[in-house]
file target.txt (compact mmCIF, C-alpha atoms)
# COMPACT_ATOMS: atom_id res chain seq x y z
CA MET X 1 25.21 -11.37 6.03
CA ALA X 2 22.95 -14.39 5.67
CA ASN X 3 22.10 -14.25 9.42
CA LYS X 4 21.02 -10.62 9.41
CA ARG X 5 17.41 -9.66 9.93
CA ASP X 6 15.67 -7.26 7.62
CA TYR X 7 16.29 -3.70 8.85
CA TYR X 8 12.58 -2.83 8.75
CA GLU X 9 11.84 -5.94 10.82
CA VAL X 10 14.53 -4.99 13.33
CA LEU X 11 12.92 -1.60 13.97
CA GLY X 12 9.39 -2.93 13.64
CA VAL X 13 8.34 -0.42 10.97
CA ASP X 14 6.72 -0.62 7.56
CA LYS X 15 8.79 -0.20 4.41
CA LYS X 16 6.91 3.03 3.73
CA ALA X 17 7.73 4.42 7.19
CA THR X 18 8.73 8.07 7.39
CA VAL X 19 12.06 9.22 8.83
CA GLU X 20 10.28 10.36 11.98
CA GLU X 21 8.63 6.95 12.42
CA ILE X 22 12.00 5.25 11.97
CA LYS X 23 13.61 7.60 14.50
CA LYS X 24 10.81 7.00 17.03
CA ALA X 25 11.12 3.21 16.65
CA TYR X 26 14.89 3.30 17.12
CA ARG X 27 14.59 5.61 20.13
CA LYS X 28 12.28 3.10 21.84
CA LEU X 29 14.67 0.18 21.20
CA ALA X 30 17.73 2.19 22.25
CA ILE X 31 16.13 2.93 25.62
CA GLN X 32 14.99 -0.67 26.05
CA TYR X 33 18.39 -2.23 25.35
CA HIS X 34 20.62 0.55 26.66
CA PRO X 35 23.55 -0.77 28.79
CA ASP X 36 22.55 1.25 31.85
CA ARG X 37 19.27 -0.69 31.95
CA GLN X 38 20.93 -4.12 32.00
CA HIS X 39 22.76 -4.07 35.37
CA ASP X 40 20.37 -6.53 37.02
CA LYS X 41 20.41 -8.95 34.07
CA SER X 42 22.39 -12.16 33.63
CA GLU X 43 25.48 -12.23 31.42
CA ALA X 44 23.51 -14.03 28.71
CA GLU X 45 20.76 -11.42 28.85
CA LYS X 46 23.34 -8.61 28.74
CA LYS X 47 24.93 -10.19 25.68
CA GLU X 48 21.56 -10.49 23.95
CA ALA X 49 20.74 -6.87 24.79
CA GLU X 50 24.11 -5.78 23.41
CA GLU X 51 23.45 -7.54 20.10
CA LYS X 52 19.96 -6.06 19.81
CA PHE X 53 21.27 -2.61 20.73
CA LYS X 54 23.91 -2.77 17.97
CA GLU X 55 21.43 -4.35 15.52
CA ALA X 56 18.97 -1.49 16.06
CA ALA X 57 21.71 1.10 15.65
CA GLU X 58 22.87 -0.47 12.37
CA ALA X 59 19.30 -0.60 11.04
CA TYR X 60 18.73 3.05 11.97
CA SER X 61 22.05 4.14 10.42
CA VAL X 62 20.86 2.77 7.06
CA LEU X 63 17.14 3.58 7.07
CA SER X 64 17.64 7.14 8.34
CA ASP X 65 19.98 7.92 5.43
CA ALA X 66 18.09 8.50 2.16
CA ASP X 67 20.92 7.25 -0.08
CA LYS X 68 21.68 4.14 1.99
CA ARG X 69 17.98 3.36 2.34
CA ALA X 70 17.44 3.58 -1.43
CA ARG X 71 20.33 1.19 -2.09
CA TYR X 72 19.09 -1.20 0.62
CA ASP X 73 15.53 -1.15 -0.78
CA GLN X 74 16.85 -1.95 -4.27
CA PHE X 75 19.64 -4.44 -3.56
CA GLY X 76 19.17 -5.60 0.04
CA PHE X 77 22.32 -6.59 1.91
CA ALA X 78 24.14 -7.04 -1.44
CA ALA X 79 24.51 -3.24 -1.41
CA GLU X 80 27.04 -3.73 1.41
CA GLN X 81 29.34 -5.68 -0.92
CA MET X 82 28.96 -3.07 -3.63
CA GLY X 83 29.84 -0.41 -1.12
CA GLY X 84 32.94 -2.11 0.18
CA GLY X 85 31.32 -4.42 2.73
CA GLY X 86 31.49 -4.43 6.49
CA GLY X 87 29.62 -2.67 9.22
CA GLY X 88 26.28 -2.04 7.64
CA PHE X 89 26.76 0.02 4.50
CA GLY X 90 30.10 1.55 5.33
CA GLY X 91 30.11 1.36 9.14
CA PHE X 92 28.48 3.57 11.75
CA ASP X 93 29.29 5.24 15.06
CA ILE X 94 26.81 4.48 17.83
CA ASN X 95 27.81 7.64 19.68
CA ASP X 96 26.95 9.73 16.62
CA ILE X 97 23.61 7.97 16.27
CA LEU X 98 22.71 8.57 19.93
CA ASN X 99 23.74 12.21 19.65
CA GLN X 100 21.51 12.54 16.59
CA VAL X 101 18.48 10.88 18.19
CA PHE X 102 18.77 11.97 21.83
CA GLY X 103 21.09 14.99 21.65
CA GLY X 104 24.04 15.63 23.93
CA GLY X 105 27.58 14.26 23.89
CA PHE X 106 27.10 10.52 24.29
CA ASN X 107 30.27 8.43 24.37
CA PHE X 108 30.43 4.75 25.23
CA GLY X 109 33.82 5.08 26.89
CA GLY X 110 32.01 5.99 30.13
CA PHE X 111 29.62 3.04 30.09
CA SER X 112 30.29 -0.13 32.03
CA GLY X 113 27.48 -2.25 30.64
CA PHE X 114 28.83 -3.23 27.21
CA GLY X 115 32.46 -3.73 26.36
CA GLY X 116 32.46 -3.89 22.59
CA PHE X 117 31.57 -0.40 21.47
CA GLY X 118 35.06 1.06 21.64
CA GLY X 119 36.22 4.15 23.44
CA GLY X 120 37.55 3.15 26.85
CA GLN X 121 40.15 5.65 28.00
CA GLY X 122 41.68 6.18 24.55
CA GLN X 123 41.80 9.46 22.69
CA ARG X 124 39.38 10.34 19.96
CA VAL X 125 40.34 8.92 16.56
CA ASN X 126 40.18 11.45 13.74
CA ARG X 127 38.73 10.46 10.40
CA GLY X 128 39.46 12.04 7.05
CA THR X 129 36.74 13.31 4.76
CA ASP X 130 35.25 11.20 1.98
CA LEU X 131 35.86 11.82 -1.69
CA ARG X 132 33.18 11.37 -4.35
CA VAL X 133 33.91 10.76 -8.04
CA ARG X 134 31.74 9.87 -11.02
CA VAL X 135 32.78 7.04 -13.33
CA ARG X 136 31.25 6.47 -16.76
CA VAL X 137 30.73 2.89 -17.90
CA THR X 138 29.54 1.40 -21.16
CA LEU X 139 27.01 -1.38 -21.57
CA ALA X 140 29.91 -3.79 -22.21
CA ASP X 141 31.49 -2.66 -18.92
CA VAL X 142 28.22 -3.35 -17.12
CA ALA X 143 28.00 -6.79 -18.72
CA HIS X 144 31.50 -7.97 -17.89
CA GLY X 145 32.86 -5.67 -15.21
CA VAL X 146 35.87 -3.44 -15.82
CA GLU X 147 38.94 -2.01 -14.14
CA LYS X 148 39.23 1.77 -14.27
CA LYS X 149 42.27 3.86 -13.41
CA LEU X 150 41.30 7.18 -11.85
CA LYS X 151 43.37 10.23 -11.10
CA ILE X 152 42.24 11.32 -7.66
CA PRO X 153 43.39 14.57 -6.00
CA ARG X 154 43.65 13.72 -2.30
CA GLN X 155 44.61 15.46 0.91
CA VAL X 156 47.54 13.45 2.32
CA SER X 157 49.58 13.79 5.48
CA CYS X 158 52.27 16.45 5.21
CA GLN X 159 55.69 14.81 5.02
CA ALA X 160 57.49 17.79 6.55
CA CYS X 161 55.57 17.67 9.82
CA ARG X 162 54.39 14.04 9.67
CA GLY X 163 50.80 15.25 9.65
CA THR X 164 51.00 17.06 12.99
CA GLY X 165 50.80 20.59 11.55
CA ALA X 166 53.71 21.61 13.80
CA LYS X 167 57.14 22.70 12.56
CA ASN X 168 59.37 19.61 12.09
CA GLY X 169 56.60 17.59 13.73
CA THR X 170 57.92 18.47 17.17
CA ALA X 171 56.74 22.02 17.96
CA LEU X 172 53.92 20.75 20.19
CA GLU X 173 52.97 21.07 23.82
CA THR X 174 50.49 19.25 26.04
CA CYS X 175 46.99 20.76 26.10
CA SER X 176 46.39 22.46 29.45
CA THR X 177 42.63 21.95 29.29
CA CYS X 178 42.52 18.14 28.99
CA HIS X 179 46.10 17.52 30.19
CA GLY X 180 46.85 15.51 27.07
CA SER X 181 43.90 13.11 27.27
CA GLY X 182 42.08 14.68 24.30
CA VAL X 183 38.71 14.43 26.04
CA GLU X 184 36.61 16.38 28.47
CA VAL X 185 34.41 14.40 30.87
CA ARG X 186 31.06 15.81 31.91
CA THR X 187 28.28 14.45 34.13
CA ARG X 188 24.68 15.01 33.20
CA ARG X 189 21.24 13.70 34.13
CA THR X 190 19.31 12.01 31.28
CA MET X 191 16.34 9.72 30.85
CA PHE X 192 18.79 6.84 31.43
CA GLY X 193 19.87 8.27 34.80
CA VAL X 194 23.06 10.11 35.73
CA MET X 195 25.64 9.46 33.04
CA GLN X 196 29.21 10.39 32.38
CA GLN X 197 29.78 11.76 28.92
CA GLN X 198 33.06 12.15 27.11
CA ALA X 199 33.51 14.74 24.40
CA ALA X 200 36.52 15.83 22.39
CA CYS X 201 38.44 18.62 24.05
CA GLN X 202 37.43 21.87 22.37
CA THR X 203 40.83 23.47 23.00
CA CYS X 204 42.96 20.87 21.18
CA GLY X 205 40.27 19.24 19.02
CA GLY X 206 40.78 15.88 20.73
CA THR X 207 44.50 15.55 19.93
CA GLY X 208 45.80 16.30 23.42
CA LYS X 209 48.43 18.60 21.90
CA ILE X 210 48.69 22.30 21.04
CA ILE X 211 50.82 23.59 18.14
CA LYS X 212 53.47 26.07 19.27
CA GLU X 213 54.87 26.81 15.78
CA ARG X 214 53.10 25.94 12.54
CA CYS X 215 54.62 23.89 9.72
CA HIS X 216 55.63 26.09 6.77
CA ASP X 217 54.73 23.44 4.15
CA CYS X 218 51.10 22.87 5.15
CA GLY X 219 50.41 26.01 7.16
CA GLY X 220 49.57 23.99 10.25
CA HIS X 221 46.81 21.92 8.60
CA GLY X 222 48.86 18.72 8.59
CA LEU X 223 47.69 17.92 5.05
CA THR X 224 48.94 18.66 1.53
CA ARG X 225 47.32 18.07 -1.86
CA LYS X 226 48.55 15.16 -3.99
CA GLU X 227 47.19 13.54 -7.15
CA GLU X 228 47.20 9.74 -7.09
CA VAL X 229 46.24 7.08 -9.64
CA ILE X 230 43.89 4.50 -8.14
CA SER X 231 42.70 1.29 -9.78
CA VAL X 232 38.99 0.69 -9.28
CA ASN X 233 37.29 -2.63 -10.05
CA ILE X 234 33.74 -1.98 -11.29
CA PRO X 235 31.75 -5.21 -10.80
CA ALA X 236 29.41 -6.56 -13.45
CA GLY X 237 25.75 -5.63 -13.11
CA VAL X 238 26.15 -2.08 -11.81
CA ALA X 239 23.49 0.48 -12.70
CA GLU X 240 23.10 4.23 -13.14
CA GLY X 241 23.38 6.05 -9.82
CA MET X 242 24.78 3.08 -7.90
CA MET X 243 27.51 4.01 -5.44
CA LEU X 244 30.57 1.86 -4.77
CA LYS X 245 32.98 2.45 -1.91
CA MET X 246 36.71 1.98 -1.48
CA SER X 247 37.50 2.18 2.22
CA ASN X 248 40.42 4.36 3.35
CA HIS X 249 41.00 5.85 -0.13
CA GLY X 250 39.62 9.27 0.72
CA ASN X 251 41.40 12.19 2.35
CA ASP X 252 43.83 11.54 5.19
CA ALA X 253 42.83 12.71 8.64
CA PRO X 254 44.59 15.82 9.95
CA GLY X 255 46.94 14.96 12.79
CA GLY X 256 46.81 11.27 11.92
CA GLY X 257 43.94 8.82 12.15
CA VAL X 258 41.74 6.93 9.72
CA PRO X 259 41.48 8.10 6.08
CA GLY X 260 38.05 8.74 4.63
CA ASP X 261 36.50 6.64 1.88
CA LEU X 262 36.39 7.00 -1.89
CA LEU X 263 32.77 6.97 -3.08
CA ILE X 264 32.34 6.04 -6.75
CA VAL X 265 29.06 7.02 -8.42
CA ILE X 266 28.21 5.06 -11.57
CA GLU X 267 27.11 6.85 -14.75
CA GLU X 268 25.99 4.73 -17.70
CA THR X 269 26.82 5.79 -21.24
CA ALA X 270 23.94 5.06 -23.63
CA ASP X 271 24.72 2.40 -26.24
CA THR X 272 24.15 3.26 -29.89
CA GLN X 273 22.28 0.01 -30.65
CA LEU X 274 21.20 -1.68 -27.45
CA VAL X 275 18.77 -0.34 -24.86
CA ARG X 276 18.94 -1.42 -21.23
CA GLU X 277 15.71 -2.34 -19.44
CA GLY X 278 16.68 -3.56 -15.97
CA ASN X 279 18.80 -6.65 -16.57
CA ASP X 280 17.31 -7.19 -20.04
CA ILE X 281 18.64 -5.77 -23.29
CA ILE X 282 16.37 -4.58 -26.11
CA TYR X 283 17.42 -4.45 -29.75
CA ASN X 284 15.17 -3.08 -32.49
CA LEU X 285 15.71 -5.22 -35.56
CA MET X 286 14.68 -3.68 -38.87
CA LEU X 287 13.90 -6.39 -41.47
CA ASP X 288 13.50 -5.86 -45.18
CA ILE X 289 10.26 -7.12 -46.68
CA PRO X 290 11.73 -10.17 -48.48
CA THR X 291 13.35 -11.47 -45.29
CA ALA X 292 10.14 -10.96 -43.33
CA VAL X 293 8.23 -12.85 -46.03
CA PHE X 294 10.65 -15.68 -46.81
CA GLY X 295 12.61 -15.88 -43.56
CA GLY X 296 16.36 -16.21 -43.25
CA LYS X 297 19.36 -15.68 -41.01
CA VAL X 298 20.35 -12.27 -39.63
CA ASP X 299 23.13 -11.09 -37.32
CA VAL X 300 22.22 -8.97 -34.29
CA PRO X 301 24.50 -7.23 -31.78
CA THR X 302 24.68 -8.43 -28.17
CA VAL X 303 26.79 -7.42 -25.18
CA ASP X 304 29.05 -10.39 -26.08
CA GLY X 305 29.40 -9.61 -29.79
CA GLN X 306 27.34 -10.67 -32.80
CA ALA X 307 24.76 -13.45 -32.64
CA ARG X 308 22.95 -15.10 -35.55
CA VAL X 309 19.19 -15.55 -35.25
CA THR X 310 16.68 -17.33 -37.45
CA ILE X 311 13.77 -15.39 -38.92
CA LYS X 312 10.79 -17.57 -39.66
CA PRO X 313 8.87 -17.06 -42.95
CA GLY X 314 5.97 -14.67 -42.48
CA THR X 315 7.43 -12.95 -39.40
CA GLN X 316 5.17 -10.02 -38.49
CA PRO X 317 6.13 -6.56 -37.21
CA GLY X 318 5.99 -6.46 -33.41
CA THR X 319 7.25 -10.02 -33.05
CA VAL X 320 9.66 -10.28 -30.11
CA LEU X 321 12.47 -12.81 -30.24
CA ARG X 322 14.26 -13.75 -27.02
CA LEU X 323 17.92 -14.66 -26.57
CA ARG X 324 18.01 -16.17 -23.10
CA GLY X 325 20.97 -15.30 -20.91
CA LYS X 326 22.23 -12.65 -23.34
CA GLY X 327 21.30 -9.75 -21.06
CA LEU X 328 23.12 -8.27 -18.07
CA PRO X 329 24.13 -10.06 -14.86
CA ASP X 330 22.05 -9.48 -11.75
CA PRO X 331 24.00 -7.46 -9.13
CA ASN X 332 22.94 -10.04 -6.52
CA ARG X 333 24.38 -12.81 -8.72
CA TYR X 334 20.96 -14.33 -9.41
CA GLY X 335 21.67 -15.09 -13.05
CA LYS X 336 21.44 -12.92 -16.15
CA GLY X 337 18.75 -11.15 -18.07
CA ASP X 338 17.75 -11.79 -21.69
CA GLU X 339 18.08 -9.92 -24.94
CA LEU X 340 14.73 -9.08 -26.49
CA ILE X 341 14.74 -8.51 -30.24
CA ASN X 342 11.87 -6.31 -31.32
CA VAL X 343 11.16 -7.04 -35.00
CA MET X 344 10.17 -4.20 -37.31
CA VAL X 345 9.77 -4.30 -41.09
CA TYR X 346 11.22 -1.57 -43.27
CA VAL X 347 8.98 -0.20 -46.00
CA PRO X 348 11.20 1.30 -48.73
CA GLU X 349 10.73 5.01 -49.34
CA ALA X 350 12.19 5.01 -52.87
CA LEU X 351 12.04 2.27 -55.54
CA ASN X 352 13.85 1.70 -58.81
CA ALA X 353 11.92 0.61 -61.90
CA ASP X 354 12.28 -3.15 -61.33
CA GLU X 355 11.28 -2.88 -57.68
CA ARG X 356 8.26 -0.77 -58.56
CA ARG X 357 7.06 -3.32 -61.13
CA ALA X 358 7.47 -6.12 -58.59
CA PHE X 359 5.41 -4.30 -55.97
CA GLU X 360 2.77 -3.28 -58.49
CA LEU X 361 2.46 -6.92 -59.52
CA LEU X 362 2.08 -7.88 -55.88
CA ARG X 363 -0.51 -5.15 -55.36
CA ASP X 364 -2.57 -6.25 -58.32
CA SER X 365 -2.47 -9.90 -57.28
CA GLN X 366 -5.86 -11.41 -56.52
CA SER X 367 -4.37 -13.80 -53.97
CA GLY X 368 -5.87 -13.47 -50.53
CA ASN X 369 -2.63 -14.64 -48.93
CA ILE X 370 -1.00 -11.20 -49.19
CA LYS X 371 -3.82 -9.43 -47.34
CA PRO X 372 -4.15 -9.92 -43.58
CA THR X 373 -7.23 -11.54 -42.14
CA GLU X 374 -8.99 -9.99 -39.17
CA SER X 375 -7.34 -12.48 -36.77
CA THR X 376 -3.91 -11.69 -38.22
CA ARG X 377 -4.58 -7.95 -37.99
CA SER X 378 -5.62 -8.29 -34.35
CA ARG X 379 -2.51 -10.35 -33.55
CA ILE X 380 -0.17 -7.80 -35.17
CA PHE X 381 -1.76 -4.87 -33.35
CA SER X 382 -1.51 -6.78 -30.06
CA ARG X 383 2.23 -7.28 -30.61
CA LEU X 384 2.75 -3.64 -31.51
CA ARG X 385 0.93 -2.36 -28.44
CA HIS X 386 3.99 -2.73 -26.17
CA ILE X 387 5.89 -0.24 -28.34
CA PHE X 388 3.55 2.56 -27.22
CA ASP X 389 3.33 1.50 -23.55
call {"tool": "encode", "arguments": {"input": "target.txt", "output": "structure tokens"}}
result
Amino acid sequence: MANKRDYYEVLGVDKKATVEEIKKAYRKLAIQYHPDRQHDKSEAEKKEAEEKFKEAAEAYSVLSDADKRARYDQFGFAAEQMGGGGGGFGGFDINDILNQVFGGGFNFGGFSGFGGFGGGQGQRVNRGTDLRVRVRVTLADVAHGVEKKLKIPRQVSCQACRGTGAKNGTALETCSTCHGSGVEVRTRRTMFGVMQQQAACQTCGGTGKIIKERCHDCGGHGLTRKEEVISVNIPAGVAEGMMLKMSNHGNDAPGGGVPGDLLIVIEETADTQLVREGNDIIYNLMLDIPTAVFGGKVDVPTVDGQARVTIKPGTQPGTVLRLRGKGLPDPNRYGKGDELINVMVYVPEALNADERRAFELLRDSQSGNIKPTESTRSRIFSRLRHIFD
């Protein structure tokens, strides 16, 4: 991850680029580094073109997706780790990207220029659908991380037919259209020249087999519904709306293949005392008048429990005390935020007889010390201003 270039730099676009600008930039790079344009190059040049071709495809797969782009803009490549790692925010299929940008049924199995994109003569690999769940976390969960156990209803391979959809898993015959290969090969003329394109056989859906008699348990779908309990580790520092990914924990693929992914969307539950502001925590401390005047020790809540702070004599409303390192961890592991204690002074709404006499005596005092000077008044108002911002 440390050797990766910034995706915007890879495509040569500004961070405010529109989807169309991103698509145009990728299209230009895809044509420049396409394998069919590298035949006269040296092996070293072909290898470099292959890396740039894949790099551009990965950048486009992220920046063309609004959700992936938002996570990348906020967390950079650390969003890959939050989403399960690997392959540029959950992996990508270059054939799908080329189909999206250029149209047509591109498949790298027919290309001779690059060897690492997969395909070859193999059949199409099915992939199950993704599942999306929402998980609520408290501020303490965000501070320390937490393990959650989730009940997930999944589509799993039917045991009766072993996921084939055919009775007893054997009532199958070879597809007469593709002769069991699962693909149809077509030749077409494109901007790259004459190219062979492989597409999944429409008759058998790319499986190479046709069902003669359907399975009674799954009705020929190859999948049945099952509820499973899955343990999910929520890392410290997550935020509202962040999406985590557990690879291969989604629905199974019909007819066998690769399961989809489990996408976990974070929802934060508001704390009754502490307010989150990025990685900082804000606590509004209400002091009584004697403590504000004479000072003292008070206990305040933090994400790690209670902490004792010292109140200096003459502490004014709007004073902000800082507990360094008592905030939330940064999702990129760049340290922790702070807890900011916003001091307010409580003016009693009802007084008993003794309290009233004490305040009346204070009111009638001729001492100038109990009345704020202009400089003190200005300082207090300056501290209070952030409350209304």
call {"tool": "atom_distance", "arguments": {"input": "target.txt", "atom1": "atom CA of Val309 of chain X", "atom2": "atom CA of Ala350 of chain X"}}
result
28.0 Å
call {"tool": "residues_near_point", "arguments": {"input": "target.txt", "point": "(21.6, -13.7, -36.8)", "cutoff": "7 Å", "atoms": "only C-alpha atoms", "output": "PyMOL selection string"}}
result
chain X and resi 297-300+307-310
call {"tool": "atom_distance", "arguments": {"input": "target.txt", "atom1": "atom CA of Asp130 of chain X", "atom2": "atom CA of Cys204 of chain X"}}
result
22.8 Å
call {"tool": "closest_residue", "arguments": {"input": "target.txt", "among": "X:Ala200, X:Leu274, X:Ala17, X:Val345", "to": "Asn126 of chain X", "atoms": "all atoms listed in the file"}}
result
X:Ala200
call {"tool": "residues_around", "arguments": {"input": "target.txt", "residues": "Ala292 of chain X", "least_positions_apart": "3", "cutoff": "10 Å", "atoms": "only C-alpha atoms", "output": "PyMOL selection string"}}
result
chain X and resi 286-289+295-296+311-317+343-346
call {"tool": "residues_near_point", "arguments": {"input": "target.txt", "point": "(20.0, -3.0, 17.7)", "cutoff": "12 Å", "atoms": "only C-alpha atoms", "output": "JSON, numbers by chain"}}
result
{"X": [4, 5, 6, 7, 8, 9, 10, 11, 12, 25, 26, 27, 28, 29, 30, 31, 32, 33, 34, 35, 47, 48, 49, 50, 51, 52, 53, 54, 55, 56, 57, 58, 59, 60, 61, 88, 94, 97]}
call {"tool": "atom_distance", "arguments": {"input": "target.txt", "atom1": "atom CA of Ile22 of chain X", "atom2": "atom CA of Tyr72 of chain X"}}
result
14.9 Å
call {"tool": "build_atoms", "arguments": {"input": "target.txt", "residues": "segment 3-21 of chain X", "atoms": "N, CA and C atoms", "output": "PDB file, in the coordinates of the input"}}
result
ATOM      1  N   ASN X   3      22.795 -14.162   8.157  1.00  0.00           N
ATOM      2  CA  ASN X   3      22.100 -14.250   9.420  1.00  0.00           C
ATOM      3  C   ASN X   3      21.431 -12.938   9.818  1.00  0.00           C
ATOM      4  N   LYS X   4      21.608 -11.904   9.046  1.00  0.00           N
ATOM      5  CA  LYS X   4      21.020 -10.620   9.410  1.00  0.00           C
ATOM      6  C   LYS X   4      19.516 -10.618   9.204  1.00  0.00           C
ATOM      7  N   ARG X   5      18.843  -9.869  10.108  1.00  0.00           N
ATOM      8  CA  ARG X   5      17.410  -9.660   9.930  1.00  0.00           C
ATOM      9  C   ARG X   5      17.175  -8.421   9.090  1.00  0.00           C
ATOM     10  N   ASP X   6      16.050  -8.418   8.418  1.00  0.00           N
ATOM     11  CA  ASP X   6      15.670  -7.260   7.620  1.00  0.00           C
ATOM     12  C   ASP X   6      15.628  -6.029   8.516  1.00  0.00           C
ATOM     13  N   TYR X   7      16.195  -4.906   8.041  1.00  0.00           N
ATOM     14  CA  TYR X   7      16.290  -3.700   8.850  1.00  0.00           C
ATOM     15  C   TYR X   7      14.909  -3.189   9.273  1.00  0.00           C
ATOM     16  N   TYR X   8      13.928  -3.276   8.392  1.00  0.00           N
ATOM     17  CA  TYR X   8      12.580  -2.830   8.750  1.00  0.00           C
ATOM     18  C   TYR X   8      11.998  -3.719   9.858  1.00  0.00           C
ATOM     19  N   GLU X   9      12.305  -5.012   9.783  1.00  0.00           N
ATOM     20  CA  GLU X   9      11.840  -5.940  10.820  1.00  0.00           C
ATOM     21  C   GLU X   9      12.514  -5.640  12.148  1.00  0.00           C
ATOM     22  N   VAL X  10      13.798  -5.304  12.108  1.00  0.00           N
ATOM     23  CA  VAL X  10      14.530  -4.990  13.330  1.00  0.00           C
ATOM     24  C   VAL X  10      13.874  -3.835  14.076  1.00  0.00           C
ATOM     25  N   LEU X  11      13.525  -2.776  13.341  1.00  0.00           N
ATOM     26  CA  LEU X  11      12.920  -1.600  13.970  1.00  0.00           C
ATOM     27  C   LEU X  11      11.419  -1.727  14.148  1.00  0.00           C
ATOM     28  N   GLY X  12      10.832  -2.729  13.508  1.00  0.00           N
ATOM     29  CA  GLY X  12       9.390  -2.930  13.640  1.00  0.00           C
ATOM     30  C   GLY X  12       8.574  -1.873  12.923  1.00  0.00           C
ATOM     31  N   VAL X  13       9.055  -1.443  11.743  1.00  0.00           N
ATOM     32  CA  VAL X  13       8.340  -0.420  10.970  1.00  0.00           C
ATOM     33  C   VAL X  13       8.031  -0.942   9.583  1.00  0.00           C
ATOM     34  N   ASP X  14       7.091  -0.281   8.932  1.00  0.00           N
ATOM     35  CA  ASP X  14       6.720  -0.620   7.560  1.00  0.00           C
ATOM     36  C   ASP X  14       7.752  -0.060   6.599  1.00  0.00           C
ATOM     37  N   LYS X  15       7.822  -0.663   5.405  1.00  0.00           N
ATOM     38  CA  LYS X  15       8.790  -0.200   4.410  1.00  0.00           C
ATOM     39  C   LYS X  15       8.480   1.201   3.901  1.00  0.00           C
ATOM     40  N   LYS X  16       7.273   1.675   4.141  1.00  0.00           N
ATOM     41  CA  LYS X  16       6.910   3.030   3.730  1.00  0.00           C
ATOM     42  C   LYS X  16       7.005   4.015   4.905  1.00  0.00           C
ATOM     43  N   ALA X  17       7.639   3.589   5.988  1.00  0.00           N
ATOM     44  CA  ALA X  17       7.730   4.420   7.190  1.00  0.00           C
ATOM     45  C   ALA X  17       8.488   5.708   6.905  1.00  0.00           C
ATOM     46  N   THR X  18       8.052   6.790   7.540  1.00  0.00           N
ATOM     47  CA  THR X  18       8.730   8.070   7.390  1.00  0.00           C
ATOM     48  C   THR X  18       9.989   8.084   8.263  1.00  0.00           C
ATOM     49  N   VAL X  19      10.844   9.088   8.041  1.00  0.00           N
ATOM     50  CA  VAL X  19      12.060   9.220   8.830  1.00  0.00           C
ATOM     51  C   VAL X  19      11.726   9.395  10.305  1.00  0.00           C
ATOM     52  N   GLU X  20      10.674  10.149  10.596  1.00  0.00           N
ATOM     53  CA  GLU X  20      10.280  10.360  11.980  1.00  0.00           C
ATOM     54  C   GLU X  20       9.805   9.072  12.639  1.00  0.00           C
ATOM     55  N   GLU X  21       9.083   8.240  11.886  1.00  0.00           N
ATOM     56  CA  GLU X  21       8.630   6.950  12.420  1.00  0.00           C
ATOM     57  C   GLU X  21       9.814   6.026  12.690  1.00  0.00           C
TER      58      GLU X  21
END
